[in-house]
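For reference, run.pdb (PDB, C-alpha atoms):
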ATOM      1  CA  ASN O   1     170.630 118.169  32.839
ATOM      2  CA  PHE O   2     173.188 120.760  31.777
ATOM      3  CA  LEU O   3     172.131 123.553  34.092
ATOM      4  CA  GLY O   4     171.016 121.447  36.996
ATOM      5  CA  THR O   5     167.223 121.520  36.686
ATOM      6  CA  SER O   6     166.030 118.119  37.836
ATOM      7  CA  ALA O   7     163.377 116.250  35.886
ATOM      8  CA  GLU O   8     161.216 116.096  39.009
ATOM      9  CA  THR O   9     160.705 119.859  38.944
ATOM     10  CA  MET O  10     159.272 119.859  35.420
ATOM     11  CA  ALA O  11     155.911 118.833  34.018
ATOM     12  CA  GLU O  12     155.881 115.218  32.853
ATOM     13  CA  ASP O  13     154.747 116.228  29.374
ATOM     14  CA  GLY O  14     155.196 119.975  29.125
ATOM     15  CA  TRP O  15     157.532 122.715  28.023
ATOM     16  CA  ASP O  16     160.560 123.925  29.906
ATOM     17  CA  LEU O  17     162.922 126.543  28.604
ATOM     18  CA  ARG O  18     165.817 128.364  30.208
ATOM     19  CA  TYR O  19     167.882 131.248  28.968
ATOM     20  CA  ILE O  20     171.596 131.386  29.664
ATOM     21  CA  SER O  21     174.020 134.250  30.050
ATOM     22  CA  GLU O  22     177.778 133.770  30.368
ATOM     23  CA  ALA O  23     177.533 130.026  29.773
ATOM     24  CA  ARG O  24     181.150 129.350  30.716
ATOM     25  CA  GLN O  25     180.645 130.722  34.193
ATOM     26  CA  LYS O  26     177.325 128.963  34.672
ATOM     27  CA  ALA O  27     178.626 125.614  33.462
ATOM     28  CA  SER O  28     181.757 125.721  35.572
ATOM     29  CA  GLY O  29     179.768 125.513  38.760
ATOM     30  CA  ARG O  30     177.707 122.544  37.619
ATOM     31  CA  HIS O  31     179.840 119.843  36.037
ATOM     32  CA  LYS O  32     182.592 119.282  33.516
ATOM     33  CA  PRO O  33     181.119 119.939  30.052
ATOM     34  CA  SER O  34     181.197 117.204  27.446
ATOM     35  CA  ASP O  35     182.894 117.674  24.077
ATOM     36  CA  VAL O  36     179.567 118.711  22.526
ATOM     37  CA  GLU O  37     178.913 121.224  25.289
ATOM     38  CA  GLU O  38     182.441 122.610  24.869
ATOM     39  CA  ASP O  39     181.635 123.264  21.205
ATOM     40  CA  VAL O  40     178.524 125.168  22.260
ATOM     41  CA  LEU O  41     180.393 127.139  24.907
ATOM     42  CA  ASP O  42     183.077 128.101  22.389
ATOM     43  CA  LEU O  43     180.391 130.062  20.576
ATOM     44  CA  PHE O  44     180.484 132.502  23.477
ATOM     45  CA  ALA O  45     184.153 133.283  22.928
ATOM     46  CA  GLN O  46     183.282 136.423  20.994
ATOM     47  CA  ASP O  47     184.101 140.054  21.533
ATOM     48  CA  ILE O  48     180.851 141.331  22.998
ATOM     49  CA  PRO O  49     181.079 145.066  23.784
ATOM     50  CA  CYS O  50     179.813 144.893  27.350
ATOM     51  CA  ALA O  51     181.105 143.955  30.773
ATOM     52  CA  PRO O  52     180.827 140.271  31.767
ATOM     53  CA  ARG O  53     177.631 139.474  33.619
ATOM     54  CA  GLN O  54     177.490 137.416  36.757
ATOM     55  CA  TYR O  55     173.705 137.143  36.561
ATOM     56  CA  PRO O  56     171.326 136.509  33.652
ATOM     57  CA  PRO O  57     170.422 139.614  31.644
ATOM     58  CA  PHE O  58     166.694 139.273  32.210
ATOM     59  CA  ALA O  59     163.998 137.374  34.074
ATOM     60  CA  TRP O  60     160.835 135.896  32.604
ATOM     61  CA  ARG O  61     157.654 137.841  33.336
ATOM     62  CA  VAL O  62     154.116 136.672  32.586
ATOM     63  CA  ALA O  63     151.292 139.090  31.737
ATOM     64  CA  PRO O  64     148.621 139.086  34.498
ATOM     65  CA  GLU O  65     145.971 137.509  32.251
ATOM     66  CA  PHE O  66     148.255 134.506  31.608
ATOM     67  CA  GLU O  67     149.679 133.922  35.090
ATOM     68  CA  ARG O  68     147.938 130.561  35.396
ATOM     69  CA  GLU O  69     149.532 129.369  32.164
ATOM     70  CA  PHE O  70     153.166 129.398  33.320
ATOM     71  CA  GLU O  71     155.459 128.566  36.190
ATOM     72  CA  ILE O  72     158.490 130.837  36.477
ATOM     73  CA  SER O  73     161.275 129.312  38.564
ATOM     74  CA  GLY O  74     165.032 129.300  39.085
ATOM     75  CA  LEU O  75     167.120 131.501  41.359
ATOM     76  CA  GLU O  76     167.042 134.304  38.793
ATOM     77  CA  GLN O  77     163.516 133.547  37.504
ATOM     78  CA  ASP O  78     165.273 132.140  34.461
ATOM     79  CA  VAL O  79     163.133 129.037  33.799
ATOM     80  CA  ALA O  80     159.741 129.301  32.089
ATOM     81  CA  THR O  81     157.513 126.214  32.158
ATOM     82  CA  LYS O  82     154.145 126.019  30.392
ATOM     83  CA  LEU O  83     151.476 124.425  32.576
ATOM     84  CA  GLY O  84     149.092 122.260  30.579
ATOM     85  CA  ASP O  85     147.364 123.116  27.310
ATOM     86  CA  PHE O  86     145.731 126.432  26.533
ATOM     87  CA  GLN O  87     141.992 126.076  25.892
ATOM     88  CA  ASP O  88     142.350 127.007  22.214
ATOM     89  CA  PRO O  89     144.713 124.552  20.459
ATOM     90  CA  GLN O  90     145.374 127.110  17.693
ATOM     91  CA  TRP O  91     146.946 129.595  20.109
ATOM     92  CA  VAL O  92     150.292 129.827  21.854
ATOM     93  CA  ILE O  93     150.705 132.048  24.909
ATOM     94  CA  PRO O  94     153.589 134.527  25.315
ATOM     95  CA  VAL O  95     155.971 134.961  28.211
ATOM     96  CA  GLY O  96     158.297 137.944  27.964
ATOM     97  CA  GLY O  97     161.687 138.888  29.303
ATOM     98  CA  THR O  98     162.334 141.961  31.434
ATOM     99  CA  LEU O  99     165.159 143.113  29.145
ATOM    100  CA  ARG O 100     164.245 146.178  27.077
ATOM    101  CA  LEU O 101     165.772 146.340  23.591
ATOM    102  CA  VAL O 102     166.104 149.916  22.346
ATOM    103  CA  LYS O 103     167.374 151.608  19.191
ATOM    104  CA  GLY O 104     171.147 151.925  19.041
ATOM    105  CA  GLY O 105     171.936 148.705  20.919
ATOM    106  CA  ILE O 106     172.892 145.146  20.029
ATOM    107  CA  TYR O 107     171.606 142.366  22.283
ATOM    108  CA  ARG O 108     172.571 138.713  22.561
ATOM    109  CA  TRP O 109     171.133 135.918  24.681
ATOM    110  CA  THR O 110     170.912 132.131  24.568
ATOM    111  CA  LEU O 111     167.978 129.812  25.218
ATOM    112  CA  ARG O 112     168.122 126.103  25.953
ATOM    113  CA  LEU O 113     165.151 123.833  25.359
ATOM    114  CA  GLU O 114     165.052 121.742  28.504
ATOM    115  CA  GLN O 115     161.858 119.830  27.748
ATOM    116  CA  ILE O 116     159.433 119.799  24.823
ATOM    117  CA  CYS O 117     155.773 118.804  24.956
ATOM    118  CA  ALA O 118     155.259 115.608  22.955
ATOM    119  CA  HIS O 119     151.736 116.344  21.699
ATOM    120  CA  ARG O 120     152.091 120.130  21.219
ATOM    121  CA  PRO O 121     155.779 120.652  20.500
ATOM    122  CA  GLN O 122     155.669 124.039  18.767
ATOM    123  CA  MET O 123     157.151 127.070  20.454
ATOM    124  CA  GLN O 124     157.717 130.491  18.929
ATOM    125  CA  ILE O 125     160.821 132.475  19.839
ATOM    126  CA  GLY O 126     161.699 136.066  19.040
ATOM    127  CA  VAL O 127     160.724 139.583  20.095
ATOM    128  CA  HIS O 128     157.538 141.515  20.820
ATOM    129  CA  GLY O 129     156.887 145.166  21.345
ATOM    130  CA  ALA O 130     156.138 146.491  24.837
ATOM    131  CA  ASN O 131     153.144 144.800  26.513
ATOM    132  CA  HIS O 132     153.146 142.229  23.684
ATOM    133  CA  ARG O 133     152.064 144.803  21.116
ATOM    134  CA  ARG O 134     153.475 144.913  17.598
ATOM    135  CA  PRO O 135     156.042 144.648  16.153
ATOM    136  CA  TRP O 136     156.169 140.867  16.438
ATOM    137  CA  ARG O 137     159.076 138.887  14.982
ATOM    138  CA  LEU O 138     158.827 135.160  15.677
ATOM    139  CA  MET O 139     160.438 131.879  14.595
ATOM    140  CA  THR O 140     158.986 128.436  15.291
ATOM    141  CA  THR O 141     160.972 125.650  16.933
ATOM    142  CA  THR O 142     159.289 122.922  14.882
ATOM    143  CA  ARG O 143     160.281 124.156  11.398
ATOM    144  CA  CYS O 144     162.249 127.381  11.924
ATOM    145  CA  SER O 145     159.615 129.102   9.797
ATOM    146  CA  ARG O 146     159.138 132.756  10.598
ATOM    147  CA  ALA O 147     156.439 135.427  10.633
ATOM    148  CA  LYS O 148     156.174 139.138  11.339
ATOM    149  CA  ASP O 149     153.165 140.794  12.921
ATOM    150  CA  GLU O 150     150.072 139.052  11.551
ATOM    151  CA  ASP O 151     151.549 138.088   8.175
ATOM    152  CA  PRO O 152     151.489 134.446   6.976
ATOM    153  CA  TRP O 153     154.302 132.140   8.062
ATOM    154  CA  GLN O 154     157.240 131.960   5.679
ATOM    155  CA  GLU O 155     159.376 128.859   5.149
ATOM    156  CA  ARG O 156     163.010 128.819   6.217
ATOM    157  CA  PRO O 157     165.084 129.451   3.062
ATOM    158  CA  GLY O 158     167.368 126.500   3.821
ATOM    159  CA  GLY O 159     164.476 124.113   4.454
ATOM    160  CA  ASP O 160     162.689 123.007   7.599
ATOM    161  CA  ARG O 161     164.733 122.524  10.752
ATOM    162  CA  MET O 162     163.287 121.167  14.003
ATOM    163  CA  LEU O 163     164.846 122.073  17.339
ATOM    164  CA  LEU O 164     165.220 119.209  19.806
ATOM    165  CA  GLU O 165     165.410 118.892  23.561
ATOM    166  CA  GLY O 166     168.806 120.067  24.742
ATOM    167  CA  ASP O 167     169.378 122.389  21.788
ATOM    168  CA  TYR O 168     170.800 125.855  22.348
ATOM    169  CA  LEU O 169     169.372 128.787  20.410
ATOM    170  CA  HIS O 170     171.661 131.828  20.290
ATOM    171  CA  ILE O 171     169.755 135.009  19.445
ATOM    172  CA  GLU O 172     171.149 138.366  18.370
ATOM    173  CA  VAL O 173     168.975 141.454  17.931
ATOM    174  CA  ASP O 174     170.860 144.350  16.333
ATOM    175  CA  LEU O 175     169.019 147.659  16.573
ATOM    176  CA  ARG O 176     171.949 149.848  15.558
ATOM    177  CA  GLY O 177     170.770 150.207  11.939
ATOM    178  CA  LEU O 178     174.374 150.371  10.703
ATOM    179  CA  HIS O 179     173.791 148.968   7.230
ATOM    180  CA  LEU O 180     170.008 149.125   6.867
ATOM    181  CA  PRO O 181     167.236 151.498   7.889
ATOM    182  CA  PHE O 182     165.958 148.619  10.038
ATOM    183  CA  GLY O 183     167.119 146.354  12.836
ATOM    184  CA  THR O 184     167.881 142.657  12.398
ATOM    185  CA  MET O 185     167.336 139.415  14.292
ATOM    186  CA  ALA O 186     169.741 136.524  13.716
ATOM    187  CA  VAL O 187     169.884 133.065  15.273
ATOM    188  CA  SER O 188     172.260 130.136  15.428
ATOM    189  CA  ILE O 189     171.507 126.648  16.690
ATOM    190  CA  ASN O 190     174.124 125.023  18.898
ATOM    191  CA  SER O 191     177.478 125.704  17.193
ATOM    192  CA  GLU O 192     176.062 126.123  13.678
ATOM    193  CA  PRO O 193     176.581 129.299  11.615
ATOM    194  CA  GLN O 194     174.373 132.278  12.322
ATOM    195  CA  GLU O 195     171.526 133.063   9.939
ATOM    196  CA  VAL O 196     169.525 136.273   9.648
ATOM    197  CA  VAL O 197     165.841 135.614  10.301
ATOM    198  CA  PHE O 198     164.543 139.189  10.049
ATOM    199  CA  ASP O 199     166.090 142.302   8.534
ATOM    200  CA  ASP O 200     163.054 144.582   8.803
ATOM    201  CA  ILE O 201     162.614 145.433  12.502
ATOM    202  CA  THR O 202     161.410 149.016  12.588
ATOM    203  CA  LEU O 203     163.578 151.518  14.425
ATOM    204  CA  THR O 204     161.202 154.459  14.224
ATOM    205  CA  ASN O 205     158.314 153.698  16.589
ATOM    206  CA  GLY O 206     160.276 154.638  19.722
ATOM    207  CA  SER O 207     158.963 151.762  21.858
ATOM    208  CA  PRO O 208     161.360 149.128  23.271
ATOM    209  CA  LEU O 209     161.205 145.491  22.282
ATOM    210  CA  MET O 210     161.492 142.505  24.625
ATOM    211  CA  PRO O 211     162.577 138.859  24.304
ATOM    212  CA  VAL O 212     159.589 136.544  24.077
ATOM    213  CA  VAL O 213     158.727 132.865  23.934
ATOM    214  CA  CYS O 214     155.235 131.693  22.988
ATOM    215  CA  MET O 215     154.189 128.159  23.929
TER     216      MET O 215
END
How would this structure read if it were set down as structure tokens?
Amino acid sequence: NFLGTSAETMAEDGWDLRYISEARQKASGRHKPSDVEEDVLDLFAQDIPCAPRQYPPFAWRVAPEFEREFEISGLEQDVATKLGDFQDPQWVIPVGGTLRLVKGGIYRWTLRLEQICAHRPQMQIGVHGANHRRPWRLMTTTRCSRAKDEDPWQERPGGDRMLLEGDYLHIEVDLRGLHLPFGTMAVSINSEPQEVVFDDITLTNGSPLMPVVCM
């Protein structure tokens, strides 16, 4: 396992997802990366306008009403594991990050899918407003379809794409509004080119956004 989480610490048939910051530093203390992992790590060789981080940029935090649904683990609370199935099979439950995304900033983080539930594989990844209020901007891991707020799901323009165990998802949320009156959310999978998923994140409501995973 790339970041050292042993299989024994995860549910036999559940979800496990970890976010990564400064992947080169993290990987160097674990093992020598393979050629594929080197390709993924090369994606981090970009000019990010912030000081290097020694620790992850945020921890996972579960809303009180959903505390029984998740296990948060890892030295930096950087692993979110879904415990069992939610009672309503049509619903996925959110777990948010402590990072606050505000107007004027650009934010980047990476998630790795450590384990995917075989019988309920769908996760939704993106951003929520504070306290899981709108705006919602989410992309599924089973098809890379996307939806905003309570609108219907829209197909990925390039066709369906399913994320697999071990995949890295690099997320960039740009709230600077440099070229549009809105913010954008873009993703890239492993070392593939980045694609814009949303270009309509409102910058006028004044409330911060947060990273979120629903599963």
(message) Rounded to one decimal, what separation in Å do you get between atom CA of Arg112 of chain O and atom CA of Val127 of chain O?
(response) 16.5 Å
(message) Please list as number ranges by chain every residue within 10 Å of segment 130-141 of chain O, counting only C-alpha atoms and excluding residues in the same chain fewer than 2 positions away.
(response) O: 63, 94-96, 100-101, 113, 116, 121-128, 143-151, 153-156, 160-164, 169, 184-185, 187, 197-198, 200-202, 205, 207-215
(message) Suppose a student applies the PyMOL selection byres ((chain O and resi 170) around 8) to this structure; what residues should they get, written as a PyMOL selection string?
(response) chain O and resi 108-111+168-169+171-172+187-190
For Pro181 of chain O: contacts at 12 Å, all atoms listed in the file, fewer than 5 positions along chain excluded, given as a PDB file with C-alpha atoms, in the frame of the given file:
ATOM      1  CA  LYS O 103     167.374 151.608  19.191  1.00  0.00           C
ATOM      2  CA  GLY O 104     171.147 151.925  19.041  1.00  0.00           C
ATOM      3  CA  ASP O 174     170.860 144.350  16.333  1.00  0.00           C
ATOM      4  CA  LEU O 175     169.019 147.659  16.573  1.00  0.00           C
ATOM      5  CA  ARG O 176     171.949 149.848  15.558  1.00  0.00           C
ATOM      6  CA  ASP O 199     166.090 142.302   8.534  1.00  0.00           C
ATOM      7  CA  ASP O 200     163.054 144.582   8.803  1.00  0.00           C
ATOM      8  CA  ILE O 201     162.614 145.433  12.502  1.00  0.00           C
ATOM      9  CA  THR O 202     161.410 149.016  12.588  1.00  0.00           C
ATOM     10  CA  LEU O 203     163.578 151.518  14.425  1.00  0.00           C
ATOM     11  CA  THR O 204     161.202 154.459  14.224  1.00  0.00           C
TER      12      THR O 204
END
So that all listed atoms of segment 70-74 of chain O fit with 5 Å spare on each side, what axis-aligned box centre and edge lengths in Å, to one decimal, would you give as lines of an AutoDock Vina configuration file?
center_x = 159.1
center_y = 129.7
center_z = 36.2
size_x = 21.9
size_y = 12.3
size_z = 15.8
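With distances taken over all atoms listed in the file, O:Glu114 is the one residue among O:Glu65, O:Thr98, O:Glu114, O:Gly183 lying closest to Ala80 of chain O.
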(message) So that I can see what lies close to Glu76 of chain O, please list as a PyMOL selection string the residues with an atom at most 8 Å from it, counting only C-alpha atoms and leaving out residues fewer than 6 positions away in the same chain.
(response) chain O and resi 55-56+59
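Atom CA of Phe70 of chain O to atom CA of Tyr107 of chain O spans 25.1 Å [interatomic distance, one decimal].
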Where atoms are lacking, segment 169-184 of chain O completed to N, CA, C and O atoms, as a JSON list (two decimals), keeping the file's coordinate frame:
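Heads up, here's the output in part03.json:
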[["chain", "number", "residue", "atom", "x", "y", "z"],
["O", 169, "LEU", "N", 169.72, 127.82, 21.44],
["O", 169, "LEU", "CA", 169.37, 128.79, 20.41],
["O", 169, "LEU", "C", 169.98, 130.13, 20.80],
["O", 169, "LEU", "O", 169.59, 130.74, 21.79],
["O", 170, "HIS", "N", 170.97, 130.57, 20.04],
["O", 170, "HIS", "CA", 171.66, 131.83, 20.29],
["O", 170, "HIS", "C", 170.99, 132.92, 19.46],
["O", 170, "HIS", "O", 170.88, 132.79, 18.23],
["O", 171, "ILE", "N", 170.54, 133.96, 20.10],
["O", 171, "ILE", "CA", 169.76, 135.01, 19.44],
["O", 171, "ILE", "C", 170.51, 136.32, 19.53],
["O", 171, "ILE", "O", 171.03, 136.68, 20.59],
["O", 172, "GLU", "N", 170.55, 137.04, 18.41],
["O", 172, "GLU", "CA", 171.15, 138.37, 18.37],
["O", 172, "GLU", "C", 170.16, 139.33, 17.73],
["O", 172, "GLU", "O", 169.68, 139.10, 16.62],
["O", 173, "VAL", "N", 169.84, 140.40, 18.46],
["O", 173, "VAL", "CA", 168.98, 141.45, 17.93],
["O", 173, "VAL", "C", 169.82, 142.72, 17.83],
["O", 173, "VAL", "O", 170.31, 143.24, 18.84],
["O", 174, "ASP", "N", 170.01, 143.19, 16.60],
["O", 174, "ASP", "CA", 170.86, 144.35, 16.33],
["O", 174, "ASP", "C", 169.97, 145.52, 15.93],
["O", 174, "ASP", "O", 169.37, 145.52, 14.85],
["O", 175, "LEU", "N", 169.87, 146.50, 16.82],
["O", 175, "LEU", "CA", 169.02, 147.66, 16.57],
["O", 175, "LEU", "C", 169.85, 148.91, 16.29],
["O", 175, "LEU", "O", 169.37, 150.03, 16.45],
["O", 176, "ARG", "N", 171.10, 148.70, 15.85],
["O", 176, "ARG", "CA", 171.95, 149.85, 15.56],
["O", 176, "ARG", "C", 171.63, 150.46, 14.20],
["O", 176, "ARG", "O", 171.91, 151.64, 13.97],
["O", 177, "GLY", "N", 171.10, 149.70, 13.27],
["O", 177, "GLY", "CA", 170.77, 150.21, 11.94],
["O", 177, "GLY", "C", 172.00, 150.65, 11.17],
["O", 177, "GLY", "O", 171.94, 151.63, 10.42],
["O", 178, "LEU", "N", 173.12, 149.94, 11.32],
["O", 178, "LEU", "CA", 174.37, 150.37, 10.70],
["O", 178, "LEU", "C", 174.36, 150.25, 9.18],
["O", 178, "LEU", "O", 174.94, 151.08, 8.49],
["O", 179, "HIS", "N", 173.74, 149.22, 8.67],
["O", 179, "HIS", "CA", 173.79, 148.97, 7.23],
["O", 179, "HIS", "C", 172.41, 149.00, 6.58],
["O", 179, "HIS", "O", 172.30, 148.91, 5.37],
["O", 180, "LEU", "N", 171.38, 149.12, 7.38],
["O", 180, "LEU", "CA", 170.01, 149.12, 6.87],
["O", 180, "LEU", "C", 169.22, 150.19, 7.63],
["O", 180, "LEU", "O", 169.63, 150.60, 8.72],
["O", 181, "PRO", "N", 168.09, 150.61, 7.09],
["O", 181, "PRO", "CA", 167.24, 151.50, 7.89],
["O", 181, "PRO", "C", 166.40, 150.75, 8.92],
["O", 181, "PRO", "O", 165.50, 151.32, 9.51],
["O", 182, "PHE", "N", 166.70, 149.46, 9.11],
["O", 182, "PHE", "CA", 165.96, 148.62, 10.04],
["O", 182, "PHE", "C", 166.92, 147.88, 10.95],
["O", 182, "PHE", "O", 168.12, 147.83, 10.71],
["O", 183, "GLY", "N", 166.36, 147.26, 12.00],
["O", 183, "GLY", "CA", 167.12, 146.35, 12.84],
["O", 183, "GLY", "C", 167.00, 144.93, 12.33],
["O", 183, "GLY", "O", 166.15, 144.60, 11.50],
["O", 184, "THR", "N", 167.86, 144.05, 12.84],
["O", 184, "THR", "CA", 167.88, 142.66, 12.40],
["O", 184, "THR", "C", 167.79, 141.71, 13.59],
["O", 184, "THR", "O", 168.15, 142.06, 14.72]]
